[in-house]
Each structure stands twice: as C-alpha cells, then as structure tokens.
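Colleague: Coordinates in run_22.cif, mmCIF, C-alpha atoms and all ligand atoms, are listed below.
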data_entry
#
loop_
_atom_site.label_atom_id
_atom_site.label_comp_id
_atom_site.auth_asym_id
_atom_site.auth_seq_id
_atom_site.Cartn_x
_atom_site.Cartn_y
_atom_site.Cartn_z
CA MET T 264 43.17 -39.24 2.18
CA LYS T 265 43.74 -40.90 5.54
CA ALA T 266 41.23 -41.93 8.17
CA ILE T 267 41.02 -43.82 11.46
CA THR T 268 39.01 -46.91 10.66
CA VAL T 269 37.92 -49.99 12.56
CA GLU T 270 36.27 -53.32 11.81
CA PRO T 271 33.36 -53.20 14.27
CA MET T 272 33.15 -56.01 16.83
CA THR T 273 36.81 -56.94 16.11
CA SER T 274 39.26 -55.95 18.82
CA GLY T 275 42.66 -54.70 17.64
CA SER T 276 41.39 -53.84 14.14
CA ALA T 277 41.73 -50.03 14.33
CA ARG T 278 44.09 -48.43 11.79
CA TRP T 279 45.20 -45.01 10.48
CA GLU T 280 45.01 -45.85 6.80
CA ASP T 281 44.40 -44.63 3.25
CA VAL T 282 40.74 -44.52 2.27
CA PRO T 283 38.88 -43.07 -0.74
CA GLU T 284 37.80 -39.40 -0.65
CA PRO T 285 34.48 -38.90 1.23
CA ASP T 286 31.40 -40.32 -0.45
CA ALA T 287 29.20 -37.69 -2.13
CA ALA T 288 26.24 -39.65 -0.75
CA ASN T 289 27.18 -38.35 2.71
CA GLY T 290 26.38 -34.77 1.72
CA SER T 291 27.05 -31.79 -0.53
CA VAL T 292 29.23 -29.89 1.95
CA LEU T 293 32.93 -30.81 1.93
CA VAL T 294 34.78 -30.23 5.20
CA GLU T 295 38.41 -30.42 6.28
CA ALA T 296 38.73 -32.04 9.72
CA VAL T 297 40.14 -29.81 12.46
CA ALA T 298 39.64 -31.98 15.54
CA VAL T 299 37.59 -34.90 16.80
CA GLY T 300 36.93 -35.60 20.47
CA VAL T 301 37.30 -39.09 21.89
CA CYS T 302 34.80 -40.62 24.31
CA GLY T 303 33.98 -43.93 25.94
CA THR T 304 31.93 -45.02 22.92
CA ASP T 305 35.02 -44.76 20.67
CA VAL T 306 37.00 -46.83 23.18
CA GLU T 307 34.26 -49.50 23.18
CA ILE T 308 34.19 -49.61 19.37
CA VAL T 309 37.98 -49.99 19.17
CA GLU T 310 37.84 -52.70 21.83
CA GLY T 311 35.43 -54.61 19.56
CA LYS T 312 32.42 -54.28 21.88
CA TYR T 313 30.20 -51.99 19.81
CA GLY T 314 29.68 -50.42 16.38
CA TRP T 315 28.34 -51.26 12.93
CA ALA T 316 30.03 -50.75 9.53
CA PRO T 317 28.11 -49.09 6.68
CA SER T 318 26.01 -51.48 4.61
CA GLY T 319 28.19 -53.52 2.22
CA LYS T 320 31.45 -52.55 3.95
CA SER T 321 33.54 -54.24 6.63
CA ARG T 322 35.18 -51.12 8.09
CA LEU T 323 33.78 -47.98 9.71
CA VAL T 324 35.45 -44.57 9.92
CA LEU T 325 35.45 -43.76 13.64
CA GLY T 326 34.58 -40.45 15.32
CA HIS T 327 31.41 -38.56 16.25
CA GLU T 328 32.56 -35.46 18.21
CA SER T 329 33.59 -33.40 15.22
CA LEU T 330 34.91 -29.98 14.35
CA GLY T 331 35.82 -29.03 10.79
CA ARG T 332 36.35 -26.18 8.39
CA VAL T 333 34.24 -25.89 5.24
CA ILE T 334 36.33 -26.38 2.08
CA ASP T 335 33.42 -26.43 -0.37
CA PRO T 336 29.95 -25.34 0.82
CA GLY T 337 28.25 -26.81 -2.26
CA ALA T 338 24.95 -25.43 -3.52
CA ARG T 339 22.42 -23.66 -1.25
CA SER T 340 23.95 -24.74 2.07
CA GLY T 341 24.04 -21.23 3.55
CA LEU T 342 27.64 -21.95 4.52
CA THR T 343 30.77 -20.14 3.38
CA LYS T 344 34.25 -21.51 2.73
CA GLY T 345 36.20 -21.32 6.01
CA ASP T 346 33.16 -21.65 8.31
CA LEU T 347 33.66 -23.87 11.35
CA VAL T 348 31.06 -26.63 11.49
CA VAL T 349 30.19 -29.59 13.68
CA GLY T 350 28.29 -32.56 12.26
CA VAL T 351 25.11 -33.86 13.89
CA VAL T 352 25.67 -37.51 14.89
CA ARG T 353 22.32 -39.30 14.50
CA ARG T 354 20.13 -39.63 11.40
CA PRO T 355 16.43 -40.55 11.54
CA ASP T 356 15.41 -44.13 10.85
CA PRO T 357 14.12 -44.83 7.31
CA VAL T 358 10.63 -46.04 8.32
CA PRO T 359 10.33 -43.47 10.01
CA CYS T 360 8.93 -43.93 13.51
CA PRO T 361 6.65 -41.10 14.78
CA ASN T 362 9.48 -39.36 16.65
CA CYS T 363 11.93 -39.49 13.75
CA ALA T 364 9.12 -38.25 11.49
CA VAL T 365 8.91 -35.03 13.51
CA GLY T 366 12.68 -34.55 13.80
CA GLU T 367 13.09 -36.09 17.27
CA TRP T 368 15.59 -38.72 16.16
CA ASP T 369 17.06 -38.71 19.66
CA MET T 370 13.76 -40.27 20.80
CA CYS T 371 13.71 -42.92 18.01
CA ARG T 372 11.31 -45.73 18.93
CA ASN T 373 12.36 -48.54 16.61
CA GLY T 374 16.16 -48.39 17.02
CA GLN T 375 16.72 -48.23 13.24
CA TYR T 376 18.40 -44.80 13.44
CA THR T 377 21.98 -44.53 12.14
CA GLU T 378 24.90 -42.62 13.66
CA ARG T 379 28.06 -41.15 12.16
CA GLY T 380 31.11 -43.01 13.42
CA ILE T 381 29.04 -45.48 15.45
CA LYS T 382 26.22 -47.11 13.53
CA GLN T 383 26.28 -47.68 9.77
CA ILE T 384 27.60 -44.27 8.61
CA ASP T 385 31.26 -43.30 8.43
CA GLY T 386 32.33 -40.90 11.16
CA TYR T 387 34.43 -37.78 11.26
CA MET T 388 37.95 -39.11 11.95
CA SER T 389 39.09 -38.61 8.35
CA GLU T 390 41.14 -35.78 6.87
CA ARG T 391 38.06 -34.67 4.92
CA TRP T 392 34.40 -35.49 5.39
CA ARG T 393 31.10 -34.65 3.75
CA ILE T 394 27.84 -33.68 5.36
CA GLU T 395 24.29 -32.73 4.41
CA PRO T 396 23.74 -28.95 4.88
CA GLU T 397 20.86 -29.56 7.33
CA TYR T 398 23.14 -31.60 9.63
CA ALA T 399 26.10 -29.19 9.56
CA MET T 400 25.92 -26.94 12.64
CA ARG T 401 27.92 -23.74 12.22
CA VAL T 402 29.87 -22.72 15.33
CA ASP T 403 31.12 -19.26 16.26
CA SER T 404 34.66 -18.83 14.92
CA MET T 405 35.55 -17.21 18.27
CA LEU T 406 35.22 -20.66 19.86
CA GLY T 407 38.01 -22.11 17.73
CA ILE T 408 39.01 -25.61 18.85
CA LEU T 409 36.48 -25.38 21.71
CA GLY T 410 33.81 -26.09 19.08
CA VAL T 411 34.78 -29.75 19.48
CA LEU T 412 32.92 -29.61 22.82
CA LEU T 413 29.61 -28.94 21.07
CA GLU T 414 28.55 -32.59 20.66
CA PRO T 415 29.04 -33.54 24.34
CA THR T 416 27.26 -30.31 25.28
CA THR T 417 24.21 -31.37 23.23
CA VAL T 418 23.93 -34.50 25.37
CA VAL T 419 23.66 -32.46 28.57
CA ALA T 420 21.46 -29.79 26.95
CA LYS T 421 18.96 -32.59 26.32
CA ALA T 422 19.39 -34.04 29.82
CA TRP T 423 18.56 -30.64 31.36
CA GLU T 424 15.55 -30.33 29.07
CA MET T 425 14.33 -33.74 30.33
CA VAL T 426 14.76 -32.61 33.94
CA LYS T 427 12.78 -29.41 33.32
CA ALA T 428 10.05 -31.27 31.43
CA VAL T 429 9.57 -33.68 34.34
CA GLY T 430 9.69 -30.81 36.83
CA GLN T 431 6.67 -29.19 35.21
CA ARG T 432 4.39 -31.99 36.51
CA SER T 433 3.92 -30.05 39.78
CA PHE T 434 4.91 -26.90 41.65
CA TRP T 435 8.69 -27.06 41.47
CA GLU T 436 11.37 -24.60 42.47
CA PRO T 437 14.67 -26.53 42.47
CA ARG T 438 17.54 -24.88 44.32
CA ASN T 439 20.34 -27.38 44.06
CA VAL T 440 21.68 -30.10 41.82
CA LEU T 441 24.18 -32.88 42.38
CA VAL T 442 26.17 -34.00 39.34
CA THR T 443 27.85 -37.39 39.75
CA GLY T 444 31.08 -37.73 37.75
CA ALA T 445 33.42 -34.87 36.80
CA GLY T 446 34.21 -36.05 33.27
CA PRO T 447 33.33 -33.85 30.28
CA ILE T 448 29.60 -34.68 30.49
CA GLY T 449 29.45 -34.02 34.25
CA LEU T 450 31.39 -30.76 34.03
CA LEU T 451 29.25 -29.52 31.12
CA ALA T 452 26.10 -30.49 33.07
CA ALA T 453 27.46 -28.46 36.01
CA LEU T 454 28.13 -25.52 33.68
CA ILE T 455 24.49 -25.49 32.54
CA GLY T 456 23.33 -25.76 36.16
CA ARG T 457 25.41 -22.69 37.07
CA GLN T 458 24.13 -20.80 34.02
CA ALA T 459 20.62 -21.53 35.33
CA GLY T 460 21.57 -20.01 38.71
CA LEU T 461 21.40 -23.24 40.71
CA ASP T 462 23.54 -24.25 43.70
CA VAL T 463 25.67 -26.86 41.91
CA HIS T 464 27.56 -29.74 43.53
CA VAL T 465 29.80 -32.17 41.66
CA LEU T 466 30.94 -35.53 42.98
CA ASP T 467 33.92 -37.55 41.71
CA ARG T 468 36.46 -39.98 43.16
CA VAL T 469 39.58 -37.96 42.38
CA THR T 470 41.04 -35.39 44.77
CA THR T 471 43.90 -34.22 42.52
CA GLY T 472 44.23 -33.01 38.93
CA SER T 473 42.17 -30.18 37.45
CA LYS T 474 38.64 -31.47 38.14
CA PRO T 475 38.26 -29.94 41.66
CA ASP T 476 39.60 -26.59 40.41
CA LEU T 477 37.31 -26.56 37.35
CA VAL T 478 34.31 -27.18 39.63
CA LYS T 479 35.36 -24.41 42.02
CA ALA T 480 35.95 -22.03 39.09
CA LEU T 481 32.28 -22.48 38.16
CA GLY T 482 31.26 -21.36 41.62
CA ALA T 483 30.18 -24.92 42.40
CA THR T 484 31.13 -27.28 45.25
CA TYR T 485 33.35 -30.33 44.74
CA HIS T 486 32.82 -33.55 46.73
CA SER T 487 35.01 -36.65 46.74
CA THR T 488 32.67 -38.73 48.86
CA SER T 489 29.62 -40.93 48.26
CA VAL T 490 26.19 -39.59 47.21
CA SER T 491 24.79 -40.41 50.66
CA ASN T 492 27.51 -38.30 52.32
CA VAL T 493 27.22 -35.01 50.44
CA GLY T 494 25.35 -33.46 53.38
CA PHE T 495 22.14 -32.36 51.63
CA GLU T 496 19.16 -33.82 49.77
CA PRO T 497 19.54 -32.88 46.09
CA ASP T 498 16.48 -31.55 44.25
CA ILE T 499 18.05 -32.88 41.04
CA ILE T 500 20.76 -35.48 40.44
CA ILE T 501 22.36 -35.73 37.02
CA GLU T 502 24.09 -39.10 36.98
CA CYS T 503 27.09 -39.21 34.64
CA THR T 504 29.12 -42.19 35.89
CA GLY T 505 27.07 -45.23 34.82
CA VAL T 506 28.39 -46.97 37.95
CA GLY T 507 25.81 -49.22 39.68
CA GLN T 508 26.64 -48.14 43.23
CA VAL T 509 26.43 -44.42 42.34
CA ILE T 510 23.16 -44.90 40.46
CA ALA T 511 21.60 -46.82 43.35
CA GLU T 512 22.69 -44.21 45.89
CA SER T 513 21.41 -41.42 43.65
CA ILE T 514 17.96 -42.97 43.41
CA LEU T 515 17.79 -43.56 47.17
CA ASN T 516 19.16 -40.14 48.21
CA VAL T 517 17.49 -37.63 45.90
CA GLY T 518 15.17 -35.29 47.78
CA SER T 519 11.39 -35.70 47.95
CA GLY T 520 9.80 -34.76 44.60
CA GLY T 521 13.27 -35.08 43.14
CA ILE T 522 14.46 -36.01 39.69
CA VAL T 523 17.33 -38.34 38.85
CA CYS T 524 18.46 -38.01 35.24
CA LEU T 525 20.63 -40.91 34.06
CA THR T 526 23.12 -40.14 31.29
CA GLY T 527 25.86 -42.68 32.00
CA VAL T 528 25.82 -46.04 30.25
CA GLY T 529 27.37 -48.77 32.33
CA ARG T 530 27.05 -52.51 32.65
CA GLY T 531 26.41 -54.95 35.46
CA GLY T 532 28.18 -54.20 38.70
CA ALA T 533 27.24 -55.28 42.20
CA ALA T 534 23.59 -54.95 43.17
CA ALA T 535 24.79 -52.44 45.78
CA GLY T 536 22.04 -53.31 48.21
CA ALA T 537 19.24 -51.54 46.37
CA ALA T 538 16.52 -54.09 45.77
CA ILE T 539 14.05 -53.14 43.03
CA ALA T 540 11.00 -53.02 45.34
CA ASP T 541 12.88 -50.74 47.76
CA VAL T 542 13.81 -48.42 44.90
CA ALA T 543 10.19 -48.42 43.74
CA ALA T 544 8.87 -47.77 47.26
CA THR T 545 11.17 -44.75 47.60
CA ALA T 546 10.09 -43.39 44.22
CA VAL T 547 6.39 -43.88 45.02
CA LEU T 548 6.39 -42.47 48.54
CA ARG T 549 8.52 -39.46 47.58
CA ASN T 550 7.11 -38.76 44.09
CA ASN T 551 10.55 -39.17 42.58
CA VAL T 552 11.23 -39.61 38.89
CA ILE T 553 14.11 -41.48 37.28
CA VAL T 554 14.54 -40.41 33.67
CA GLY T 555 17.05 -41.62 31.11
CA SER T 556 18.46 -39.34 28.41
CA VAL T 557 20.52 -40.11 25.33
CA ASN T 558 21.64 -38.30 22.18
CA ALA T 559 20.18 -34.97 21.02
CA ASN T 560 18.06 -33.45 18.28
CA LYS T 561 18.51 -30.15 16.49
CA ARG T 562 16.88 -28.12 19.25
CA HIS T 563 19.53 -29.38 21.71
CA TRP T 564 22.31 -28.59 19.23
CA TYR T 565 21.01 -25.02 19.09
CA LYS T 566 20.82 -24.79 22.89
CA ALA T 567 24.30 -26.30 23.29
CA ALA T 568 25.79 -23.66 21.00
CA GLN T 569 24.23 -20.99 23.25
CA VAL T 570 25.68 -22.67 26.35
CA LEU T 571 29.19 -22.63 24.88
CA ALA T 572 28.84 -19.03 23.66
CA ARG T 573 27.90 -17.90 27.21
CA ALA T 574 30.67 -19.89 28.94
CA ASP T 575 34.10 -18.62 29.92
CA ARG T 576 36.49 -19.73 27.17
CA THR T 577 39.43 -20.26 29.51
CA TRP T 578 37.25 -22.59 31.58
CA LEU T 579 36.11 -24.50 28.48
CA GLY T 580 39.75 -24.76 27.38
CA GLY T 581 40.51 -26.48 30.70
CA LEU T 582 38.25 -29.38 29.66
CA ILE T 583 40.56 -30.29 26.77
CA THR T 584 43.42 -31.88 28.65
CA ARG T 585 45.30 -33.58 25.81
CA ARG T 586 45.62 -33.28 22.02
CA GLU T 587 47.06 -36.12 19.94
CA LYS T 588 47.92 -36.46 16.25
CA PRO T 589 45.73 -38.86 14.24
CA GLU T 590 48.62 -41.29 13.66
CA HIS T 591 48.85 -41.58 17.46
CA PHE T 592 45.13 -42.25 17.87
CA MET T 593 45.75 -45.23 20.18
CA ARG T 594 47.33 -42.80 22.65
CA ALA T 595 44.21 -40.65 22.45
CA LEU T 596 42.11 -43.69 23.39
CA GLU T 597 44.14 -44.35 26.56
CA ARG T 598 42.51 -43.15 29.75
CA ARG T 599 45.04 -41.34 31.91
CA PRO T 600 44.21 -40.23 35.46
CA ASP T 601 44.07 -36.48 34.75
CA ASP T 602 42.29 -36.74 31.38
CA ILE T 603 39.00 -34.94 30.91
CA LYS T 604 38.49 -34.54 27.15
CA VAL T 605 41.16 -35.82 24.79
CA VAL T 606 40.97 -34.69 21.16
CA ILE T 607 42.63 -35.88 17.99
CA GLN T 608 43.80 -32.84 16.11
CA PHE T 609 43.79 -33.19 12.32
CA SER T 610 44.79 -29.65 11.34
CA ASP T 611 45.72 -26.33 12.95
CA MET T 612 43.11 -23.73 13.77
ZN ZN D 1 12.93 -43.55 14.65
#
Would you mind writing the file's structure down as structure tokens?
Modeller:
Amino acid sequence: MKAITVEPMTSGSARWEDVPEPDAANGSVLVEAVAVGVCGTDVEIVEGKYGWAPSGKSRLVLGHESLGRVIDPGARSGLTKGDLVVGVVRRPDPVPCPNCAVGEWDMCRNGQYTERGIKQIDGYMSERWRIEPEYAMRVDSMLGILGVLLEPTTVVAKAWEMVKAVGQRSFWEPRNVLVTGAGPIGLLAALIGRQAGLDVHVLDRVTTGSKPDLVKALGATYHSTSVSNVGFEPDIIIECTGVGQVIAESILNVGSGGIVCLTGVGRGGAAAGAAIADVAATAVLRNNVIVGSVNANKRHWYKAAQVLARADRTWLGGLITRREKPEHFMRALERRPDDIKVVIQFSDM
C-alpha cells in the first residue's frame, strides 16, 4: 500500500511511497482511509521541526485527523464492516503516570505518551490503517466526510470543559466569549459557544474569504480588529492564534473574574509590552485565570461527536475549503489565504 511518510526532524524528507501493510500490533480493526485533515502540526513535522519515528524505524507515517471505513472489524470490536471511524490520537504513557492510569492521557504528567502520526506511532495517512477497538470512535454515517472534523472538535470540547471547570470556583454566569483566530479550531470553539447559548465574538485579521460569513451564519459577531478594540470586556477568551501580541492583549483585556483559555501553540514573538509582573497584577486584582489546554481524552471525543451531530451540516461543510489527492500532499500542506481546513482525500465516500 502507499502512505505519506516523513523522516522526523529532516526537512524535505516527506514522500508518498510504498510501505508494508499496517502492522497488526497497531490493532485488530482494519480500516480503509477516507480522508485525513491537515493542521499546523503536520506542516511542522514536514518542515523538520517536530515529530518522532516509531522505535527502531527512521520514518513516520504522517496524519492524526483521521476518517476511515472499517474493512475488517476483527474480533469483539463492536464495529461492523462499512462503519465510519476516527482514530484517537494519543496513547497513555507506559509507566503510567496517575492521569494516564485513569484514562486522562490528555493530562499526561511525564510526557512519555505517544501519538499517532506525531510521536512514535504511525499515523493515518496510509491507504489502510489498523487501530485498537477501544481507540476507534464510530461516527454517524450521516456526517460523511465531515467526520474528519471530529479530532479538531475534541480539542475545543476539552478547552470548553477547562473553561467551565475553572468557572465553577465562584458564582459565574458568563454571557459572552471572544474567540481569537477564525481557523478550524476557532470556528469550532465558536460553534460550541453558540450551542451553549452564549453571545459569541470571533476575531481574525482577514476581512475577505468565507471566515466572516461562517461566523455570521453561527449568529456570532466577526471582528477584524485587535482584542483591545472589540468594544466589550469578554467573560471568556478562547485564544486560538498562538500569536504573542494576541495572547498578551487577551490576558490584559479579559473581564474581571474572566478566564483566558490558551489553545494556540506559538513561539517567541515580540514581548508586546506585557511585562510578567503587570500580567500577574492584572490576574491577581481581577481574579482572572489563564488556563492552557491540549489534546483530548475519550470523554472529549464523546462530547465532540455530540457537537458535530447537533451542528448544521452545510455550515460544517464550509470549514473544509480544499480537498487534495494523497500524491499531491505537498499542495495540501500549503497555506493559502482562504484555507480553513484542508483534507487529503484517500477514497470516495
Ligand atoms: Zn502519562
């Protein structure tokens, strides 16, 4: 079969090449790939900045935002041939740490977790892949290709859970939320905010393309200004850009008793005028909380499936702005101005 593989930490090493059939060690369920979403992590791995090959190998099969069709459910998986499934990304560390021991691998303490397509386990960008039954999440066949949005939705399902958990520290009746960044994560965060009945605002740099319309279609408000100029004090900010300036402004402009949830992973950037002691003083005097959120455990996968089932399918379809064939995977990794979610399509629905 063929797969998109890469030698981690080696720029320019990505290839669409022949590889052996999927290893039975990766699970008893055999799946035919339908589509795999591309995100910034994939771009970083292909650029040689991130990623780890499986033990004893030099190359890693890329891809963690999966959607596939069961070819062989194996024994006692509860799955049927033809079911649409999405593979969970992270696996608990082998020690395991207390959080992995109770199934909260997203909260892993020792960093020895592994991840399909990222860290030491082959990913889902191969014509066929195998998975353990307990990590194969069945998606409603009505969703079709939209099932590929499940993995990014798990990330925001967890972020919202973090926000709610922090909110329970005191009397808290949030009315509005500001989401920074109208990429797939930001738009899915806005979707959940609307499903919760909140007044949702989304901020991004662009003024053209489909992002403003997608935000309006949710019944939310689109802003192409800075966080300090949105005209209100957000009760909640979900930060999805990873850009230093936006993060600093979010922390300094969230309302009193507010919560800033960071989901974007960036690097460096200008200090943007927010000295650490000033940030701390604001947080102390206004009882603000800054919480980081990454990855997802099974509970979030369950919640994410509910979010997608409740959402308008035409709206979800608007998030997938480009589909590329696997042999043109380098095109899928390009970032074009109007892209939201680009997927590599392996087979027809
Ligand atoms: Zn762990």
Colleague: Can you tell me, as a PyMOL selection string, what residues are no more than 10 Å from Asn492 of chain T when counting all atoms listed in the file, ignoring any on the same chain fewer than 6 positions away?
Modeller: chain T and resi 486+512+516
Colleague: What does the structure give for the distance between atom CA of Gly331 of chain T and atom CA of Arg354 of chain T, in Å to one decimal?
Modeller: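 Between atom CA of Gly331 of chain T and atom CA of Arg354 of chain T the gap is 18.9 Å.
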Colleague: Residues at most 7 Å from Tyr313 of chain T, counting all atoms listed in the file, excluding those fewer than 2 positions away in the same chain, as an mmCIF file with C-alpha atoms, in the frame of the given file?
Modeller:
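part-v5.cif was written with the following content:
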data_model
loop_
_atom_site.group_PDB
_atom_site.id
_atom_site.type_symbol
_atom_site.label_atom_id
_atom_site.label_comp_id
_atom_site.auth_asym_id
_atom_site.auth_seq_id
_atom_site.Cartn_x
_atom_site.Cartn_y
_atom_site.Cartn_z
ATOM 1 C CA PRO T 271 33.360 -53.200 14.270
ATOM 2 C CA MET T 272 33.150 -56.010 16.830
ATOM 3 C CA GLU T 307 34.260 -49.500 23.180
ATOM 4 C CA ILE T 308 34.190 -49.610 19.370
ATOM 5 C CA GLY T 311 35.430 -54.610 19.560
#
Colleague: Using all atoms listed in the file, which residues of the polymer chains come no farther than 6 Å from ligand ZN 1 (chain D)? I'd like the answer as a ChimeraX atom specification.
Modeller: /T:355-356,359-360,362-363,368,371-373,376
Colleague: Hey, can you pull every residue with an atom no more than 10 Å from (46.0, -48.7, 3.1), using all atoms listed in the file, and send it as a ChimeraX atom specification?
Modeller: /T:264-266,278-283
Colleague: In terms of the shortest atom-to-atom distance over all atoms listed in the file, which of T:Gly521, T:Gly444, T:Gly460, T:Pro415 is closest to Val506 of chain T?
Modeller: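 Once distances to Val506 of chain T are computed over all atoms listed in the file, the minimum belongs to T:Gly444.
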Colleague: Between T:Gly580, T:Gly507, T:Gly407, T:Pro497, which has the minimum distance to Ser473 of chain T (counting all atoms listed in the file)?
Modeller: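 Between T:Gly580, T:Gly507, T:Gly407, T:Pro497, the residue approaching Ser473 of chain T most closely is T:Gly580.
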Colleague: Distance atom CA of Thr470 of chain T-atom CA of Ala452 of chain T, one decimal place?
Modeller: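 That distance, rounded to one decimal, is 19.6 Å.
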Colleague: Box time for segment 395-399 of chain T: axis-aligned, enclosing all its listed atoms, 8 Å extra on each side; report centre and edge lengths in Å to one decimal, as JSON.
Modeller:
{"center_x": 23.5, "center_y": -30.8, "center_z": 7.0, "size_x": 21.2, "size_y": 19.8, "size_z": 21.2}
Colleague: Could you please determine the separation between atom CA of Val552 of chain T and atom CA of Val570 of chain T in Å, to one decimal place?
Modeller: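 Here the two named atoms are 25.6 Å from each other.
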Colleague: Counting all atoms listed in the file, which of T:Leu413, T:Leu342, T:Ala445, T:Ile522 gets nearest to Arg432 of chain T?
Modeller: T:Ile522
Colleague: What's around Val547 of chain T at 12 Å? Count only C-alpha atoms, leave out sequence neighbours fewer than 4 positions away in its own chain, and write the answer as JSON, numbers by chain.
Modeller: {"T": [514, 515, 519, 520, 521, 540, 541, 542, 543, 551, 552, 553]}
Colleague: With distances taken over all atoms listed in the file, which residue among T:Asp286, T:Glu367, T:Glu397, T:Asp575 lies nearest Leu477 of chain T?
Modeller: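 Ranking T:Asp286, T:Glu367, T:Glu397, T:Asp575 by distance to Leu477 of chain T, first place goes to T:Asp575.
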Colleague: I'd like to know which of T:Gly410, T:Gly300, T:Pro475, T:Gly430 is closest to Gln569 of chain T, using all atoms listed in the file.
Modeller: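 Nearest candidate to Gln569 of chain T out of T:Gly410, T:Gly300, T:Pro475, T:Gly430: T:Gly410.
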Colleague: Go ahead and find all residues with at least one atom no further than 10 Å from (34.7, -49.2, 28.0) in the file's coordinates, using only C-alpha atoms; report them as a VMD selection string.
Modeller: chain T and resid 302 to 310 312 to 313 528 to 530
